[in-house]
$ cat input_33.cif   # mmCIF, C-alpha atoms
data_target
loop_
_atom_site.label_atom_id
_atom_site.label_comp_id
_atom_site.auth_asym_id
_atom_site.auth_seq_id
_atom_site.Cartn_x
_atom_site.Cartn_y
_atom_site.Cartn_z
CA MET A 1 -42.79 -59.16 49.42
CA ILE A 2 -41.36 -62.57 48.80
CA GLY A 3 -41.59 -65.13 46.02
CA ASN A 4 -40.06 -68.54 45.59
CA ASP A 5 -39.74 -71.21 42.97
CA ILE A 6 -38.62 -74.80 43.17
CA ILE A 7 -37.63 -77.02 40.27
CA ASP A 8 -37.40 -80.80 40.39
CA LEU A 9 -34.47 -81.20 38.01
CA ASN A 10 -35.31 -84.78 37.04
CA LEU A 11 -38.85 -83.81 36.17
CA ALA A 12 -37.76 -80.63 34.34
CA CYS A 13 -35.49 -82.79 32.22
CA GLN A 14 -38.46 -85.01 31.27
CA GLU A 15 -40.98 -82.21 30.83
CA SER A 16 -38.97 -79.65 28.91
CA ASN A 17 -36.67 -79.77 25.95
CA TRP A 18 -34.94 -76.42 26.34
CA GLN A 19 -32.75 -77.25 23.34
CA ARG A 20 -35.79 -77.05 21.12
CA LYS A 21 -35.44 -74.46 18.36
CA GLY A 22 -36.74 -71.07 19.49
CA TYR A 23 -37.19 -72.10 23.13
CA LEU A 24 -34.38 -70.11 24.73
CA SER A 25 -34.93 -66.95 22.70
CA LYS A 26 -38.60 -66.81 23.71
CA ILE A 27 -37.91 -66.71 27.43
CA PHE A 28 -34.34 -65.54 27.97
CA THR A 29 -32.61 -62.24 27.17
CA ALA A 30 -29.61 -62.24 24.83
CA THR A 31 -27.28 -61.91 27.84
CA GLU A 32 -28.94 -64.82 29.62
CA GLN A 33 -28.66 -66.97 26.50
CA GLU A 34 -24.92 -66.25 26.49
CA MET A 35 -24.70 -67.21 30.16
CA ILE A 36 -26.37 -70.54 29.30
CA CYS A 37 -24.11 -71.05 26.33
CA HIS A 38 -20.95 -70.50 28.37
CA ALA A 39 -22.04 -72.36 31.49
CA SER A 40 -20.17 -75.53 32.43
CA ILE A 41 -23.53 -77.31 32.68
CA PRO A 42 -25.94 -75.36 30.44
CA SER A 43 -29.09 -77.13 31.68
CA ASP A 44 -28.30 -76.08 35.27
CA MET A 45 -28.03 -72.48 34.13
CA VAL A 46 -31.35 -72.76 32.23
CA TRP A 47 -33.18 -73.87 35.36
CA LEU A 48 -31.37 -71.52 37.71
CA LEU A 49 -32.32 -68.52 35.56
CA TRP A 50 -35.83 -69.84 35.05
CA SER A 51 -36.39 -70.24 38.79
CA CYS A 52 -35.16 -66.65 39.36
CA LYS A 53 -37.66 -65.32 36.83
CA GLU A 54 -40.48 -67.33 38.36
CA ALA A 55 -39.65 -66.24 41.91
CA ALA A 56 -39.55 -62.57 40.86
CA TYR A 57 -42.75 -62.99 38.83
CA LYS A 58 -44.52 -64.20 41.96
CA ILE A 59 -43.66 -60.94 43.72
CA VAL A 60 -44.82 -58.85 40.77
CA ASN A 61 -48.02 -60.88 40.47
CA ARG A 62 -48.64 -60.48 44.18
CA VAL A 63 -48.31 -56.71 43.96
CA THR A 64 -50.20 -56.11 40.73
CA ASN A 65 -52.68 -59.02 40.77
CA ILE A 66 -52.12 -59.18 37.03
CA ARG A 67 -51.10 -62.43 35.36
CA THR A 68 -48.82 -62.16 32.36
CA TYR A 69 -46.40 -64.44 30.53
CA ASN A 70 -43.30 -62.66 29.40
CA PRO A 71 -40.29 -64.28 31.07
CA ALA A 72 -37.79 -62.43 28.85
CA LYS A 73 -38.87 -59.18 30.50
CA PHE A 74 -37.38 -60.48 33.77
CA SER A 75 -33.67 -59.96 33.34
CA CYS A 76 -31.33 -61.91 35.63
CA THR A 77 -27.84 -60.97 36.79
CA LEU A 78 -25.74 -63.41 38.80
CA SER A 79 -23.32 -61.95 41.30
CA ASP A 80 -22.20 -65.31 42.65
CA ASN A 81 -22.71 -68.91 41.60
CA LYS A 82 -20.66 -71.68 43.13
CA GLU A 83 -20.92 -74.85 45.19
CA GLY A 84 -24.64 -75.12 44.87
CA ALA A 85 -25.42 -71.57 45.95
CA ALA A 86 -26.15 -68.57 43.79
CA CYS A 87 -27.27 -65.00 44.32
CA GLY A 88 -27.93 -61.94 42.23
CA ASN A 89 -30.88 -59.91 41.10
CA VAL A 90 -33.74 -59.83 38.64
CA SER A 91 -34.87 -56.61 36.97
CA TYR A 92 -38.41 -56.13 35.81
CA GLU A 93 -39.58 -52.78 34.50
CA ALA A 94 -38.32 -50.20 37.02
CA CYS A 95 -37.85 -52.67 39.88
CA THR A 96 -35.00 -54.91 40.98
CA TYR A 97 -35.46 -58.00 43.10
CA SER A 98 -32.60 -59.73 44.88
CA PHE A 99 -32.56 -63.50 44.96
CA ILE A 100 -30.74 -66.34 46.64
CA SER A 101 -30.75 -69.84 45.25
CA ARG A 102 -29.64 -73.24 46.50
CA ARG A 103 -29.11 -76.31 44.45
CA ASN A 104 -28.51 -79.97 45.17
CA ASP A 105 -28.40 -82.94 42.82
CA ASN A 106 -32.13 -83.05 42.47
CA CYS A 107 -33.60 -79.61 42.85
CA ILE A 108 -33.07 -75.88 42.58
CA HIS A 109 -34.82 -73.60 45.06
CA THR A 110 -34.78 -69.84 44.53
CA VAL A 111 -36.18 -67.12 46.77
CA ALA A 112 -36.63 -63.54 45.58
CA VAL A 113 -37.43 -60.51 47.73
CA SER A 114 -38.66 -57.01 47.02
CA HIS A 115 -36.18 -55.47 49.48
CA ASP A 116 -32.73 -56.80 50.41
CA ILE A 117 -33.44 -56.46 54.11
CA PHE A 118 -35.91 -59.35 53.91
CA LEU A 119 -33.11 -61.73 52.90
CA ASP A 120 -31.91 -61.87 56.51
CA HIS A 121 -35.34 -62.49 57.91
CA LEU A 122 -36.67 -65.47 56.06
CA ASP A 123 -37.57 -69.00 56.99
CA ILE A 124 -36.78 -71.04 53.92
CA TYR A 125 -37.80 -74.65 53.68
CA THR A 126 -36.93 -77.08 50.92
CA GLY A 127 -38.40 -80.56 51.19
CA SER A 128 -40.65 -83.24 49.85
CA SER A 129 -43.87 -82.26 51.63
CA LEU A 130 -45.50 -79.18 53.13
CA PRO A 131 -43.68 -78.08 56.33
CA VAL A 132 -46.68 -78.60 58.61
CA HIS A 133 -44.55 -77.80 61.68
CA LEU A 134 -44.21 -74.22 60.46
CA PHE A 135 -47.90 -73.57 60.65
CA SER A 136 -49.23 -75.89 63.33
CA ASP A 137 -50.94 -73.00 65.14
CA LYS A 138 -51.88 -71.10 62.01
CA SER A 139 -54.22 -71.57 59.11
CA LEU A 140 -53.01 -71.60 55.55
CA ILE A 141 -55.45 -69.60 53.46
CA LYS A 142 -55.55 -68.16 49.97
CA ASN A 143 -57.04 -64.87 48.95
CA GLN A 144 -59.38 -64.53 45.97
CA ASP A 145 -56.40 -64.34 43.61
CA GLY A 146 -54.94 -67.59 44.92
CA VAL A 147 -52.15 -65.86 46.87
CA PRO A 148 -51.35 -67.80 50.09
CA TYR A 149 -51.22 -66.36 53.59
CA LEU A 150 -50.72 -67.81 57.04
CA LEU A 151 -53.38 -66.65 59.43
CA ASN A 152 -52.57 -66.57 63.12
CA ARG A 153 -55.53 -68.24 64.82
CA CYS A 154 -55.31 -65.91 67.83
CA THR A 155 -54.63 -62.54 66.30
CA TYR A 156 -55.95 -63.20 62.79
CA SER A 157 -52.95 -61.29 61.48
CA PRO A 158 -52.02 -62.54 58.02
CA VAL A 159 -48.41 -63.34 57.18
CA PRO A 160 -47.53 -63.70 53.52
CA VAL A 161 -45.95 -66.98 52.50
CA SER A 162 -44.81 -68.20 49.13
CA ILE A 163 -45.23 -71.86 48.26
CA SER A 164 -43.93 -73.68 45.23
CA HIS A 165 -44.45 -77.29 44.16
CA HIS A 166 -42.75 -79.21 41.41
CA GLY A 167 -42.45 -82.96 41.07
CA ASN A 168 -41.16 -84.41 44.33
CA TYR A 169 -40.35 -81.06 45.93
CA VAL A 170 -41.98 -78.30 47.89
CA GLY A 171 -40.42 -74.89 48.47
CA TRP A 172 -41.71 -72.65 51.21
CA VAL A 173 -40.65 -69.21 52.38
CA GLN A 174 -42.08 -66.87 54.98
CA LYS A 175 -40.92 -63.96 57.06
CA LYS A 176 -39.09 -65.06 60.20
CA ALA A 177 -40.16 -64.67 63.81
CA ILE A 178 -43.86 -64.89 63.54
CA LEU A 179 -45.31 -64.63 66.99
CA THR A 180 -47.12 -67.70 68.13
CA CYS A 181 -50.21 -67.46 70.32
CA ALA A 182 -48.20 -68.00 73.53
CA GLU A 183 -45.45 -65.60 72.57
CA ASN A 184 -47.98 -63.03 71.57
CA ALA A 185 -49.61 -63.08 74.98
CA THR A 186 -46.44 -61.83 76.64
CA TYR A 187 -45.18 -59.71 73.82
CA ARG A 188 -44.64 -56.04 74.62
CA PRO A 189 -43.35 -53.96 71.75
CA MET B 1 -61.47 -70.91 10.48
CA ASP B 2 -64.27 -71.13 13.03
CA LYS B 3 -63.79 -71.11 16.76
CA GLU B 4 -64.67 -74.78 17.28
CA THR B 5 -62.01 -75.85 14.77
CA LEU B 6 -59.47 -73.60 16.49
CA ILE B 7 -60.32 -75.01 19.91
CA THR B 8 -60.00 -78.57 18.57
CA GLN B 9 -56.57 -77.72 17.17
CA LEU B 10 -55.55 -76.07 20.43
CA ARG B 11 -56.68 -79.16 22.34
CA GLU B 12 -54.24 -81.28 20.32
CA ILE B 13 -51.46 -78.74 20.85
CA VAL B 14 -51.82 -78.54 24.63
CA LYS B 15 -52.46 -82.27 25.10
CA PRO B 16 -48.83 -83.29 25.78
CA TYR B 17 -48.45 -80.57 28.46
CA ALA B 18 -51.86 -80.59 30.17
CA LYS B 19 -51.92 -82.35 33.52
CA ASN B 20 -55.65 -82.14 34.11
CA GLU B 21 -57.26 -84.58 31.70
CA GLU B 22 -60.80 -83.70 32.65
CA ALA B 23 -60.21 -80.02 31.89
CA LEU B 24 -58.56 -81.03 28.63
CA LEU B 25 -61.62 -83.08 27.71
CA ASN B 26 -63.88 -80.12 28.45
CA ILE B 27 -61.65 -77.48 26.92
CA ASN B 28 -63.56 -74.37 25.87
CA GLU B 29 -63.08 -70.66 25.39
CA ASN B 30 -62.92 -70.06 29.14
CA THR B 31 -60.24 -72.67 29.84
CA ASP B 32 -57.11 -71.31 31.49
CA PHE B 33 -53.86 -73.00 30.47
CA VAL B 34 -52.31 -72.79 33.93
CA ASN B 35 -55.20 -72.79 36.41
CA ASP B 36 -57.42 -75.31 34.59
CA LEU B 37 -55.17 -77.45 32.42
CA LYS B 38 -52.32 -77.23 34.98
CA ILE B 39 -49.74 -76.63 32.30
CA ASN B 40 -46.33 -75.96 33.81
CA SER B 41 -45.15 -72.40 33.11
CA ALA B 42 -41.95 -73.76 31.54
CA ASN B 43 -44.17 -75.66 29.08
CA LEU B 44 -46.25 -72.60 28.12
CA VAL B 45 -43.42 -71.66 25.83
CA ASP B 46 -43.81 -75.05 24.12
CA VAL B 47 -47.49 -74.30 23.58
CA ILE B 48 -46.53 -70.96 22.03
CA LEU B 49 -43.88 -72.55 19.78
CA ASP B 50 -46.33 -75.28 18.75
CA VAL B 51 -48.98 -72.67 17.92
CA GLU B 52 -46.44 -70.77 15.82
CA GLU B 53 -45.52 -73.92 13.91
CA GLN B 54 -49.05 -75.17 13.43
CA PHE B 55 -50.46 -71.86 12.17
CA ASN B 56 -47.28 -70.58 10.59
CA ILE B 57 -47.40 -67.33 12.56
CA VAL B 58 -44.98 -65.44 14.80
CA ILE B 59 -46.17 -64.63 18.31
CA ASP B 60 -44.38 -61.50 19.50
CA ASN B 61 -43.65 -60.84 23.17
CA GLU B 62 -46.57 -58.48 23.53
CA SER B 63 -49.01 -61.17 22.40
CA MET B 64 -47.21 -63.83 24.40
CA GLU B 65 -47.91 -61.86 27.58
CA ARG B 66 -51.60 -62.65 27.16
CA MET B 67 -51.28 -66.30 26.07
CA LEU B 68 -52.62 -67.69 29.34
CA ASN B 69 -55.98 -69.00 28.23
CA VAL B 70 -57.88 -70.37 25.25
CA LYS B 71 -59.77 -67.13 24.63
CA SER B 72 -56.60 -65.03 24.31
CA ALA B 73 -54.91 -67.72 22.23
CA ILE B 74 -57.81 -67.67 19.77
CA GLU B 75 -57.77 -63.87 19.57
CA ILE B 76 -54.03 -63.85 18.96
CA ILE B 77 -54.14 -66.61 16.32
CA GLU B 78 -57.06 -64.96 14.51
CA ALA B 79 -55.35 -61.55 14.56
CA LYS B 80 -52.07 -62.96 13.25
CA LEU B 81 -53.79 -65.01 10.52
CA GLY B 82 -55.90 -61.98 9.55
CA ALA B 83 -52.80 -59.84 9.21
CA GLN B 84 -51.15 -62.24 6.75
#
$ encode --input "input_33.cif" --output "structure tokens"
Amino acid sequence: MIGNDIIDLNLACQESNWQRKGYLSKIFTATEQEMICHASIPSDMVWLLWSCKEAAYKIVNRVTNIRTYNPAKFSCTLSDNKEGAACGNVSYEACTYSFISRRNDNCIHTVAVSHDIFLDHLDIYTGSSLPVHLFSDKSLIKNQDGVPYLLNRCTYSPVPVSISHHGNYVGWVQKKAILTCAENATYRP
Amino acid sequence: MDKETLITQLREIVKPYAKNEEALLNINENTDFVNDLKINSANLVDVILDVEEQFNIVIDNESMERMLNVKSAIEIIEAKLGAQ
């Protein structure tokens, strides 16, 4: 299972006043609030942690089909955070989800996975519009709960994707090496 | 406080964060904050803080979990006001 979240930092700055009284304590754990407090750029830490929670929430929501709003229950730990790249994990109830995150001047894009092994097998796209080239021979569909899948037009096998939009940015992640129609014809497992 | 009054107050609260004006205009008990009003999840916390301020109540994490639509918001506000 995969989940991703993208944040347009310019828009986040306009839309949210995270310095508002009570804001941080509603959505971040005490440890996370300390991380924000001690960060060299606190707003970057706010949005990094927020994107991790959102990416992990998307996995949980995908598994349970239950929508909830309790970001503080998703507890983030950073194992590395430098030069625009971060990684770590998010704990929620009995589960832990690893994440990787990339940042540039304008956006933060975080991808979380249910199992570490997936981290090496992902196509991650960060851009300003949907990566049509990634699904030229497939159909993008959503199930009844609004969860997106790519459907191979030949085999009808569904491949889970996670899509995130915010402001000027689109984040997209899917499992690597999806067989195309042509590849599939000669594929022998 | 009757439901209509509560919905009117909620409409004013969510107004700055709602991105779907038509849904805001037609807000009712079945309106979903995220799916219908297109409120950003990072702004849901603003809605919760605004509700707390407006009604002078505290919304605990357990209640917050359900604060995704008008119906739940009304139930939570009514329960908190009733408990005062």
$ atom_distance --input "input_33.cif" --atom1 "CA of Val60 in chain A" --atom2 "CA of His109 in chain A"
18.3 Å
$ closest_residue --input "input_33.cif" --among "A:Lys142, A:Arg153, A:Arg62, A:Lys53" --to "chain B" --atoms "only C-alpha atoms"
A:Lys53
$ interface_residues --input "input_33.cif" --of "chain A" --to "chain B" --cutoff "10 Å" --atoms "all atoms listed in the file" --output "PDB file with C-alpha atoms, in the coordinates of the input"
ATOM      1  CA  ALA A  12     -37.760 -80.630  34.340  1.00  0.00           C
ATOM      2  CA  GLU A  15     -40.980 -82.210  30.830  1.00  0.00           C
ATOM      3  CA  SER A  16     -38.970 -79.650  28.910  1.00  0.00           C
ATOM      4  CA  ASN A  17     -36.670 -79.770  25.950  1.00  0.00           C
ATOM      5  CA  TRP A  18     -34.940 -76.420  26.340  1.00  0.00           C
ATOM      6  CA  ARG A  20     -35.790 -77.050  21.120  1.00  0.00           C
ATOM      7  CA  LYS A  21     -35.440 -74.460  18.360  1.00  0.00           C
ATOM      8  CA  GLY A  22     -36.740 -71.070  19.490  1.00  0.00           C
ATOM      9  CA  TYR A  23     -37.190 -72.100  23.130  1.00  0.00           C
ATOM     10  CA  LEU A  24     -34.380 -70.110  24.730  1.00  0.00           C
ATOM     11  CA  LYS A  26     -38.600 -66.810  23.710  1.00  0.00           C
ATOM     12  CA  ILE A  27     -37.910 -66.710  27.430  1.00  0.00           C
ATOM     13  CA  TRP A  47     -33.180 -73.870  35.360  1.00  0.00           C
ATOM     14  CA  TRP A  50     -35.830 -69.840  35.050  1.00  0.00           C
ATOM     15  CA  SER A  51     -36.390 -70.240  38.790  1.00  0.00           C
ATOM     16  CA  GLU A  54     -40.480 -67.330  38.360  1.00  0.00           C
ATOM     17  CA  ARG A  67     -51.100 -62.430  35.360  1.00  0.00           C
ATOM     18  CA  THR A  68     -48.820 -62.160  32.360  1.00  0.00           C
ATOM     19  CA  TYR A  69     -46.400 -64.440  30.530  1.00  0.00           C
ATOM     20  CA  ASN A  70     -43.300 -62.660  29.400  1.00  0.00           C
ATOM     21  CA  PRO A  71     -40.290 -64.280  31.070  1.00  0.00           C
ATOM     22  CA  ALA A  72     -37.790 -62.430  28.850  1.00  0.00           C
ATOM     23  CA  LYS A  73     -38.870 -59.180  30.500  1.00  0.00           C
ATOM     24  CA  GLY A 146     -54.940 -67.590  44.920  1.00  0.00           C
ATOM     25  CA  HIS A 166     -42.750 -79.210  41.410  1.00  0.00           C
TER      26      HIS A 166
END
$ closest_residue --input "input_33.cif" --among "A:Asp123, A:Asp145, A:Asp137, A:Asp105" --to "Asp44 in chain A" --atoms "only C-alpha atoms"
A:Asp105
$ resolve_selection --input "input_33.cif" --expression "the PyMOL selection byres ((chain A and resi 165) around 12)" --output "list in words"
Asn4, Asp5, Ile6, Ile7, Asp8, Leu11, Ser51, Cys107, Ile108, His109, Tyr125, Thr126, Gly127, Ser128, Ser129, Leu130, Ser162, Ile163, Ser164, His166, Gly167, Asn168, Tyr169, Val170, Gly171 and Trp172 of chain A; Asn40 of chain B
$ residues_around --input "input_33.cif" --residues "range 3-10 of chain B" --least-positions-apart "5" --cutoff "10 Å" --atoms "only C-alpha atoms" --output "list in words"
Lys15, Ile27, Asn28, Glu29, Val47, Asp50, Val51, Gln54, Phe55, Val70, Lys71, Ala73, Ile74, Glu75, Ile77 and Glu78 of chain B
$ closest_residue --input "input_33.cif" --among "B:Ile57, B:Ala23, B:Val34, B:Ile13" --to "Leu81 in chain B" --atoms "only C-alpha atoms"
B:Ile57
$ atom_distance --input "input_33.cif" --atom1 "CA of Ser98 in chain A" --atom2 "CA of Ser43 in chain A"
22.1 Å
$ resolve_selection --input "input_33.cif" --expression "the PyMOL selection byres ((chain A and resi 87) around 9)" --output "list in words"
Thr77, Leu78, Ser79, Asp80, Asn81, Ala85, Ala86, Gly88, Asn89, Ser98, Phe99, Ile100, Ser101, Arg102 and Thr110 of chain A
$ residues_near_point --input "input_33.cif" --point "(-36.4, -64.5, 59.7)" --cutoff "7 Å" --atoms "all atoms listed in the file" --output "PyMOL selection string"
chain A and resi 120-123+175-177
$ atom_distance --input "input_33.cif" --atom1 "CA of His115 in chain A" --atom2 "CA of Ser91 in chain A"
12.6 Å
$ resolve_selection --input "input_33.cif" --expression "the PyMOL selection byres ((chain A and resi 96) around 10)" --output "PDB file with C-alpha atoms, in the frame of the given file"
ATOM      1  CA  ALA A  56     -39.550 -62.570  40.860  1.00  0.00           C
ATOM      2  CA  PHE A  74     -37.380 -60.480  33.770  1.00  0.00           C
ATOM      3  CA  SER A  75     -33.670 -59.960  33.340  1.00  0.00           C
ATOM      4  CA  CYS A  76     -31.330 -61.910  35.630  1.00  0.00           C
ATOM      5  CA  ASN A  89     -30.880 -59.910  41.100  1.00  0.00           C
ATOM      6  CA  VAL A  90     -33.740 -59.830  38.640  1.00  0.00           C
ATOM      7  CA  SER A  91     -34.870 -56.610  36.970  1.00  0.00           C
ATOM      8  CA  TYR A  92     -38.410 -56.130  35.810  1.00  0.00           C
ATOM      9  CA  GLU A  93     -39.580 -52.780  34.500  1.00  0.00           C
ATOM     10  CA  ALA A  94     -38.320 -50.200  37.020  1.00  0.00           C
ATOM     11  CA  CYS A  95     -37.850 -52.670  39.880  1.00  0.00           C
ATOM     12  CA  TYR A  97     -35.460 -58.000  43.100  1.00  0.00           C
ATOM     13  CA  SER A  98     -32.600 -59.730  44.880  1.00  0.00           C
ATOM     14  CA  PHE A  99     -32.560 -63.500  44.960  1.00  0.00           C
ATOM     15  CA  ALA A 112     -36.630 -63.540  45.580  1.00  0.00           C
ATOM     16  CA  VAL A 113     -37.430 -60.510  47.730  1.00  0.00           C
ATOM     17  CA  SER A 114     -38.660 -57.010  47.020  1.00  0.00           C
ATOM     18  CA  HIS A 115     -36.180 -55.470  49.480  1.00  0.00           C
ATOM     19  CA  ASP A 116     -32.730 -56.800  50.410  1.00  0.00           C
TER      20      ASP A 116
END
